[in-house]
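Q: Structure file input37.tsv, TSV, C-alpha atoms, is pasted below:
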chain	number	residue	atom	x	y	z
A	1	MET	CA	0.00	0.00	0.00
A	2	ASP	CA	1.33	3.48	-0.88
A	3	GLN	CA	2.43	5.11	2.39
A	4	ASN	CA	1.65	8.54	0.94
A	5	LEU	CA	-2.04	7.77	0.48
A	6	PRO	CA	-4.34	9.07	3.26
A	7	VAL	CA	-5.84	6.39	5.47
A	8	PRO	CA	-9.64	6.68	5.77
A	9	SER	CA	-10.54	7.61	9.34
A	10	ALA	CA	-13.56	6.85	11.50
A	11	THR	CA	-14.47	10.54	11.28
A	12	ASP	CA	-14.48	10.35	7.48
A	13	LEU	CA	-16.72	7.27	7.61
A	14	ALA	CA	-19.19	8.89	10.00
A	15	ALA	CA	-19.41	11.94	7.75
A	16	GLU	CA	-20.12	9.77	4.70
A	17	ILE	CA	-22.71	7.65	6.48
A	18	ALA	CA	-24.65	10.52	8.08
A	19	PRO	CA	-26.51	11.56	4.88
A	20	LEU	CA	-27.26	7.90	4.10
A	21	ALA	CA	-28.77	7.45	7.56
A	22	ARG	CA	-30.93	10.54	7.05
A	23	ARG	CA	-32.05	9.21	3.69
A	24	TYR	CA	-32.95	5.85	5.18
A	25	LYS	CA	-34.97	7.47	7.99
A	26	ARG	CA	-36.95	9.46	5.42
A	27	ALA	CA	-37.61	6.42	3.21
A	28	ASN	CA	-40.82	5.29	4.87
A	29	GLY	CA	-42.14	8.71	5.86
A	30	PRO	CA	-44.26	9.23	2.70
A	31	VAL	CA	-45.65	5.70	3.00
A	32	ILE	CA	-46.88	6.24	6.54
A	33	ARG	CA	-48.50	9.54	5.56
A	34	LEU	CA	-50.10	7.86	2.56
A	35	VAL	CA	-51.59	5.09	4.68
A	36	ASN	CA	-52.97	7.66	7.10
A	37	ARG	CA	-54.53	9.64	4.27
A	38	LEU	CA	-56.20	6.52	2.92
A	39	GLY	CA	-57.60	5.84	6.35
A	40	LEU	CA	-56.43	2.24	6.17
A	41	THR	CA	-55.56	0.23	9.23
A	42	LEU	CA	-53.73	-2.34	7.22
A	43	GLU	CA	-52.62	-4.59	10.04
A	44	SER	CA	-56.19	-5.07	11.24
A	45	GLN	CA	-57.42	-5.52	7.67
A	46	LEU	CA	-54.87	-8.26	7.15
A	47	SER	CA	-56.97	-10.42	9.48
A	48	LEU	CA	-59.94	-9.91	7.14
A	49	LEU	CA	-58.27	-11.77	4.30
A	50	PRO	CA	-59.66	-15.27	3.76
A	51	GLU	CA	-57.82	-17.88	5.80
A	52	GLY	CA	-56.87	-19.71	2.61
A	53	VAL	CA	-55.03	-16.62	1.32
A	54	ARG	CA	-53.39	-15.81	4.66
A	55	SER	CA	-52.09	-19.35	5.05
A	56	GLN	CA	-50.62	-19.25	1.54
A	57	LEU	CA	-49.07	-15.77	1.72
A	58	GLU	CA	-45.53	-16.98	2.33
A	59	ARG	CA	-45.75	-19.47	-0.53
A	60	LEU	CA	-47.24	-16.84	-2.85
A	61	THR	CA	-44.50	-14.40	-1.88
A	62	ALA	CA	-41.76	-16.96	-2.51
A	63	GLN	CA	-43.28	-17.70	-5.92
A	64	ALA	CA	-43.39	-13.97	-6.72
A	65	LEU	CA	-39.71	-13.63	-5.75
A	66	GLU	CA	-38.75	-16.65	-7.84
A	67	THR	CA	-40.66	-15.31	-10.84
A	68	SER	CA	-39.15	-11.84	-10.53
A	69	TYR	CA	-35.66	-13.24	-10.05
A	70	GLY	CA	-36.03	-15.35	-13.19
A	71	LEU	CA	-37.19	-12.36	-15.20
A	72	ALA	CA	-34.69	-9.88	-13.76
A	73	GLY	CA	-32.51	-8.30	-16.39
A	74	ARG	CA	-34.70	-9.33	-19.31
A	75	ALA	CA	-36.81	-6.19	-19.23
A	76	PRO	CA	-35.48	-3.16	-21.13
A	77	ASP	CA	-34.33	-0.08	-19.25
A	78	LEU	CA	-37.49	1.99	-18.91
A	79	GLY	CA	-35.82	5.15	-17.64
A	80	ASP	CA	-36.68	7.01	-14.44
A	81	ARG	CA	-40.43	7.59	-14.72
A	82	ALA	CA	-41.72	4.53	-16.55
A	83	PRO	CA	-41.20	2.04	-13.66
A	84	MET	CA	-43.33	4.21	-11.39
A	85	LEU	CA	-46.07	4.53	-14.03
A	86	ALA	CA	-45.99	0.77	-14.61
A	87	ALA	CA	-46.18	0.05	-10.87
A	88	VAL	CA	-49.14	2.40	-10.45
A	89	ALA	CA	-50.94	0.81	-13.39
A	90	ALA	CA	-50.29	-2.69	-12.04
A	91	GLY	CA	-51.56	-1.74	-8.59
A	92	ALA	CA	-54.70	-0.20	-10.01
A	93	ALA	CA	-55.37	-3.23	-12.20
A	94	GLY	CA	-54.74	-5.56	-9.29
A	95	GLY	CA	-57.13	-3.72	-7.03
A	96	ALA	CA	-59.84	-3.24	-9.62
A	97	GLY	CA	-60.92	-6.88	-9.56
A	98	GLY	CA	-60.64	-7.45	-5.85
A	99	LEU	CA	-58.63	-10.13	-4.15
A	100	ALA	CA	-58.27	-12.49	-7.12
A	101	THR	CA	-56.65	-9.90	-9.39
A	102	ALA	CA	-54.63	-8.50	-6.48
A	103	VAL	CA	-53.04	-11.92	-5.92
A	104	ALA	CA	-52.37	-12.32	-9.66
A	105	GLU	CA	-50.70	-8.87	-9.70
A	106	LEU	CA	-48.14	-9.68	-6.97
A	107	PRO	CA	-45.44	-11.17	-9.27
A	108	VAL	CA	-45.78	-8.22	-11.64
A	109	THR	CA	-45.20	-5.66	-8.90
A	110	VAL	CA	-42.33	-7.61	-7.32
A	111	THR	CA	-40.67	-7.90	-10.75
A	112	LEU	CA	-41.04	-4.17	-11.39
A	113	ILE	CA	-39.49	-3.39	-8.01
A	114	LEU	CA	-36.62	-5.85	-8.50
A	115	ASN	CA	-35.81	-4.39	-11.92
A	116	MET	CA	-35.77	-0.94	-10.34
A	117	ILE	CA	-33.42	-2.24	-7.61
A	118	ARG	CA	-31.11	-3.63	-10.31
A	119	SER	CA	-31.09	-0.21	-11.97
A	120	GLU	CA	-30.01	1.37	-8.68
A	121	ALA	CA	-27.18	-1.17	-8.39
A	122	ARG	CA	-26.03	-0.18	-11.87
A	123	GLU	CA	-26.22	3.52	-10.96
A	124	ALA	CA	-23.99	2.80	-7.96
A	125	GLY	CA	-21.34	1.35	-10.25
A	126	LEU	CA	-22.11	-2.31	-9.57
A	127	ASP	CA	-22.84	-4.97	-12.19
A	128	PRO	CA	-26.35	-6.32	-11.49
A	129	ASP	CA	-25.53	-9.44	-13.50
A	130	GLU	CA	-22.77	-10.51	-11.11
A	131	ASP	CA	-23.99	-13.25	-8.80
A	132	TRP	CA	-23.17	-11.47	-5.54
A	133	VAL	CA	-24.85	-8.25	-6.73
A	134	ARG	CA	-27.95	-10.21	-7.79
A	135	ALA	CA	-28.06	-11.59	-4.27
A	136	GLU	CA	-27.72	-8.10	-2.79
A	137	CYS	CA	-30.62	-6.95	-4.98
A	138	LEU	CA	-32.80	-9.67	-3.45
A	139	GLN	CA	-31.63	-8.66	0.02
A	140	VAL	CA	-33.20	-5.23	-0.42
A	141	PHE	CA	-36.60	-6.91	0.00
A	142	ALA	CA	-35.56	-7.96	3.51
A	143	ALA	CA	-35.05	-4.34	4.56
A	144	GLY	CA	-38.04	-4.11	6.83
A	145	SER	CA	-41.55	-3.00	6.00
A	146	PRO	CA	-42.52	0.42	4.67
A	147	LEU	CA	-45.73	0.01	6.68
A	148	ALA	CA	-44.20	-0.55	10.12
A	149	GLN	CA	-41.73	1.16	12.39
A	150	ASP	CA	-39.41	-1.82	12.80
A	151	ASP	CA	-35.63	-1.73	12.75
A	152	GLY	CA	-35.58	-2.76	9.10
A	153	VAL	CA	-31.93	-1.84	8.67
A	154	ASN	CA	-30.61	-5.24	7.51
A	155	THR	CA	-27.18	-3.86	6.73
A	156	SER	CA	-25.55	-7.28	6.78
A	157	PHE	CA	-23.54	-7.90	3.64
A	158	LEU	CA	-22.83	-11.29	2.18
A	159	ALA	CA	-19.79	-12.74	3.91
A	160	SER	CA	-18.46	-13.97	0.58
A	161	ARG	CA	-19.26	-13.16	-3.01
A	162	LEU	CA	-20.76	-16.55	-3.62
A	163	ALA	CA	-21.89	-18.12	-6.85
A	164	LEU	CA	-25.67	-18.33	-6.90
A	165	THR	CA	-26.69	-21.90	-7.54
A	166	GLY	CA	-30.32	-22.92	-7.64
A	167	SER	CA	-30.22	-24.09	-4.02
A	168	THR	CA	-28.50	-20.89	-2.87
A	169	VAL	CA	-31.19	-18.75	-4.46
A	170	GLN	CA	-33.91	-20.92	-2.92
A	171	ASN	CA	-32.37	-20.55	0.54
A	172	LEU	CA	-32.08	-16.79	0.10
A	173	ILE	CA	-35.72	-16.54	-0.99
A	174	LYS	CA	-36.82	-18.71	1.96
A	175	THR	CA	-35.10	-16.25	4.28
A	176	ILE	CA	-36.67	-13.18	2.68
A	177	ALA	CA	-40.18	-14.49	1.95
A	178	PRO	CA	-41.63	-14.54	5.50
A	179	ARG	CA	-40.90	-10.87	6.14
A	180	LEU	CA	-41.95	-9.73	2.69
A	181	ALA	CA	-45.13	-11.83	2.97
A	182	VAL	CA	-46.32	-9.61	5.82
A	183	VAL	CA	-45.73	-6.50	3.70
A	184	LEU	CA	-47.48	-7.91	0.63
A	185	GLY	CA	-50.30	-9.27	2.76
A	186	GLN	CA	-51.05	-5.76	3.98
A	187	LYS	CA	-51.08	-4.60	0.37
A	188	LEU	CA	-53.51	-7.37	-0.57
A	189	ALA	CA	-55.77	-6.37	2.31
A	190	ALA	CA	-55.89	-2.79	1.06
A	191	GLN	CA	-56.60	-3.85	-2.52
A	192	ALA	CA	-59.39	-6.15	-1.39
A	193	VAL	CA	-61.36	-3.25	0.09
A	194	PRO	CA	-64.47	-2.62	-2.04
A	195	VAL	CA	-64.53	0.54	-4.20
A	196	ILE	CA	-61.12	1.89	-3.17
A	197	GLY	CA	-59.15	-1.26	-4.06
A	198	ALA	CA	-57.84	0.14	-7.33
A	199	VAL	CA	-56.99	3.52	-5.80
A	200	SER	CA	-55.23	2.03	-2.79
A	201	GLY	CA	-53.42	-0.52	-4.98
A	202	ALA	CA	-52.06	2.21	-7.23
A	203	ALA	CA	-51.07	4.45	-4.33
A	204	LEU	CA	-49.42	1.68	-2.32
A	205	ASN	CA	-47.49	0.42	-5.34
A	206	ALA	CA	-46.13	3.92	-5.87
A	207	ALA	CA	-45.19	4.14	-2.20
A	208	PHE	CA	-43.58	0.68	-2.19
A	209	LEU	CA	-41.53	1.46	-5.28
A	210	SER	CA	-40.30	4.72	-3.71
A	211	TYR	CA	-39.47	2.98	-0.44
A	212	TYR	CA	-37.46	0.13	-1.93
A	213	ARG	CA	-35.71	2.51	-4.34
A	214	GLU	CA	-34.47	4.57	-1.40
A	215	VAL	CA	-33.45	1.46	0.54
A	216	ALA	CA	-31.58	0.16	-2.52
A	217	ARG	CA	-29.73	3.45	-2.96
A	218	VAL	CA	-28.67	3.42	0.67
A	219	ARG	CA	-27.68	-0.26	0.64
A	220	PHE	CA	-25.56	0.00	-2.51
A	221	ALA	CA	-23.88	3.17	-1.23
A	222	LEU	CA	-23.01	1.27	1.96
A	223	ILE	CA	-21.58	-1.57	-0.10
A	224	LYS	CA	-19.32	0.89	-1.92
A	225	LEU	CA	-18.20	2.33	1.42
A	226	ALA	CA	-17.56	-1.20	2.71
A	227	GLN	CA	-15.10	-1.72	-0.12
A	228	VAL	CA	-13.04	1.14	1.35
A	229	HIS	CA	-13.61	0.95	5.10
A	230	GLY	CA	-14.56	-2.71	5.59
A	231	ALA	CA	-18.03	-4.20	6.05
A	232	ASP	CA	-17.89	-4.47	9.86
A	233	ALA	CA	-16.99	-0.80	10.34
A	234	VAL	CA	-19.66	0.38	7.89
A	235	GLU	CA	-22.39	-1.80	9.41
A	236	ALA	CA	-21.55	-0.68	12.94
A	237	GLU	CA	-21.41	3.03	12.05
A	238	PHE	CA	-24.65	2.92	10.05
A	239	ARG	CA	-26.54	1.14	12.82
A	240	ILE	CA	-25.37	3.78	15.30
A	241	ALA	CA	-26.45	6.53	12.91
A	242	VAL	CA	-30.01	5.22	12.49
A	243	THR	CA	-30.61	4.24	16.12
A	244	PRO	CA	-32.57	6.90	18.05
A	245	PRO	CA	-30.69	8.17	21.13
A	246	LYS	CA	-31.82	6.69	24.41
A	247	ILE	CA	-33.66	9.01	26.77
A	248	ILE	CA	-31.97	8.98	30.14
A	249	ARG	CA	-34.37	9.82	32.93
A	250	ALA	CA	-32.99	11.68	35.92
Here is the file; what I need is its structure written in the form of structure tokens.

A:
Amino acid sequence: MDQNLPVPSATDLAAEIAPLARRYKRANGPVIRLVNRLGLTLESQLSLLPEGVRSQLERLTAQALETSYGLAGRAPDLGDRAPMLAAVAAGAAGGAGGLATAVAELPVTVTLILNMIRSEAREAGLDPDEDWVRAECLQVFAAGSPLAQDDGVNTSFLASRLALTGSTVQNLIKTIAPRLAVVLGQKLAAQAVPVIGAVSGAALNAAFLSYYREVARVRFALIKLAQVHGADAVEAEFRIAVTPPKIIRA
């Protein structure tokens, strides 16, 4: 290593991570406001879904992830605005016919979001066709729920840049599907509401796309920082930056 090159310091890392932490904290703000405007209590409505659908949500989510993963990269680059327009149209179409069309629309929306995530990887200077980057794109779906105030950070990076075999992809999807199933189940519940299903489907798809786009931008920026500072240091600093300070009572 060239002794004349400056060594990145912890102060430099904190300064680079601070704007990413702010961006992450803002990611789900518009979604929460949207849900409030729609007057939807999505978690309670989730219980109104038919038992047959609720019991199959994880399987349906895994299938949607598998379908989107298989199609990833085949769609042409639609630019900045077209993915949002397509997601809104898909959400509206899914909600227009009630629960049946909402379920059928899930793979379409997940594919649109995954293609957008791949575009963000490319913008960050990563090759979305490399196996380890494809895995990181899938990991974005594990970044919490835009409809809940959970920790959702999921900054863990792959320990090794592994080759994605069929079994590896299946294991990754099995890890992601349960958490994403809760998110998509809430979306299904909103789209199943009579009259406003199409409106809520379109609005939530727009909100979901915005949320996962922001999460992808943050995640890929962290990956680039990890290449300079090391994954452990970046993960630790980011988690500190997004954790609210504890209130110490006198």

Q: Counting all atoms listed in the file, I want the residues whose atoms come within 8 Å of (-44.0, 3.1, -9.4) in the file frame, returned as a ChimeraX atom specification.

A: /A:81-88,205-210

Q: Write out as a CSV table (one decimal) with C-alpha atoms, in the frame of the given file the residues lying within 8 Å of stretch 133-135 of chain A, counting all atoms listed in the file and excluding same-chain residues fewer than 4 positions away.

A:
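Written file, out-v9.csv:
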chain,number,residue,atom,x,y,z
A,118,ARG,CA,-31.1,-3.6,-10.3
A,121,ALA,CA,-27.2,-1.2,-8.4
A,126,LEU,CA,-22.1,-2.3,-9.6
A,127,ASP,CA,-22.8,-5.0,-12.2
A,128,PRO,CA,-26.4,-6.3,-11.5
A,129,ASP,CA,-25.5,-9.4,-13.5
A,139,GLN,CA,-31.6,-8.7,0.0
A,164,LEU,CA,-25.7,-18.3,-6.9
A,169,VAL,CA,-31.2,-18.8,-4.5
A,172,LEU,CA,-32.1,-16.8,0.1

Q: Find the residues around stretch 54-59 of chain A up to 12 Å (only C-alpha atoms counted), leave out those fewer than 5 positions away in its own chain, and share them as a ChimeraX atom specification.

A: /A:45-49,64-66,99,103,106,173-189

Q: With C-alpha atoms retained, write the just-selected residues as a short mmCIF file (atom, residue, chain, number, x, y, z; two decimals), in the frame of the given file.

A:
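What landed in out.cif:
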data_model
loop_
_atom_site.label_atom_id
_atom_site.label_comp_id
_atom_site.auth_asym_id
_atom_site.auth_seq_id
_atom_site.Cartn_x
_atom_site.Cartn_y
_atom_site.Cartn_z
CA GLN A 45 -57.42 -5.52 7.67
CA LEU A 46 -54.87 -8.26 7.15
CA SER A 47 -56.97 -10.42 9.48
CA LEU A 48 -59.94 -9.91 7.14
CA LEU A 49 -58.27 -11.77 4.30
CA ALA A 64 -43.39 -13.97 -6.72
CA LEU A 65 -39.71 -13.63 -5.75
CA GLU A 66 -38.75 -16.65 -7.84
CA LEU A 99 -58.63 -10.13 -4.15
CA VAL A 103 -53.04 -11.92 -5.92
CA LEU A 106 -48.14 -9.68 -6.97
CA ILE A 173 -35.72 -16.54 -0.99
CA LYS A 174 -36.82 -18.71 1.96
CA THR A 175 -35.10 -16.25 4.28
CA ILE A 176 -36.67 -13.18 2.68
CA ALA A 177 -40.18 -14.49 1.95
CA PRO A 178 -41.63 -14.54 5.50
CA ARG A 179 -40.90 -10.87 6.14
CA LEU A 180 -41.95 -9.73 2.69
CA ALA A 181 -45.13 -11.83 2.97
CA VAL A 182 -46.32 -9.61 5.82
CA VAL A 183 -45.73 -6.50 3.70
CA LEU A 184 -47.48 -7.91 0.63
CA GLY A 185 -50.30 -9.27 2.76
CA GLN A 186 -51.05 -5.76 3.98
CA LYS A 187 -51.08 -4.60 0.37
CA LEU A 188 -53.51 -7.37 -0.57
CA ALA A 189 -55.77 -6.37 2.31
#

Q: Give me, please, the distance in Å between atom CA of A:Leu71 and atom CA of A:Glu130, quoted to one decimal.

A: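 Taking atom CA of A:Leu71 as the start and atom CA of A:Glu130 as the end point, the length is 15.1 Å.
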
Q: What's the 8 Å shell around A:Gly91, counting all atoms listed in the file, without same-chain residues fewer than 3 positions away, as JSON, numbers by chain?

A: {"A": [87, 88, 94, 95, 102, 105, 109, 198, 200, 201, 202, 203, 204, 205]}

Q: Of the candidates A:Ala92, A:Val193, A:Leu20, A:Ile113, which shows the shortest atom-to-atom distance to A:Arg219, using only C-alpha atoms?

A: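 That would be A:Leu20, the residue with the smallest distance to A:Arg219.
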
Q: Please indicate the distance in Å from atom CA of A:Ser68 to atom CA of A:Glu136, rounded to one decimal place.

A: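 Pair atom CA of A:Ser68 / atom CA of A:Glu136 returns 14.3 Å.
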
Q: Which of these residues is nearest to A:Ala221, using only C-alpha atoms: A:Ala14, A:Ala124, A:Leu114, A:Ala236?

A: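 Answer, going by the shortest atom-to-atom distance: A:Ala124.
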
Q: Quick one: distance from atom CA of A:Leu225 to atom CA of A:Gly125 in Å, one decimal?

A: 12.1 Å

Q: Nearest to A:Val199: which of A:Val53, A:Thr111, A:Ile117, A:Ala96 is it, counting all atoms listed in the file?

A: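 Residue with the minimum atom-to-atom distance to A:Val199: A:Ala96.
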
Q: With distances taken over only C-alpha atoms, which of A:Asp232, A:Glu120, A:Glu237, A:Asp131 is nearest to A:Val218?

A: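 Result for the nearest residue to A:Val218: A:Glu120.
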
Q: I need the residue nearest A:Thr61 from this list: A:Leu222, A:Ala216, A:Thr11, A:Ala104. Use only C-alpha atoms for the distance.

A: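 The answer is A:Ala104, which sits nearest to A:Thr61.
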
Q: Just checking: using all atoms listed in the file, which residue out of A:Val242, A:Ala89, A:Ala192, A:Val234 ends up closest to A:Asp12?

A: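 Comparing A:Val242, A:Ala89, A:Ala192, A:Val234 against A:Asp12, the winner is A:Val234.
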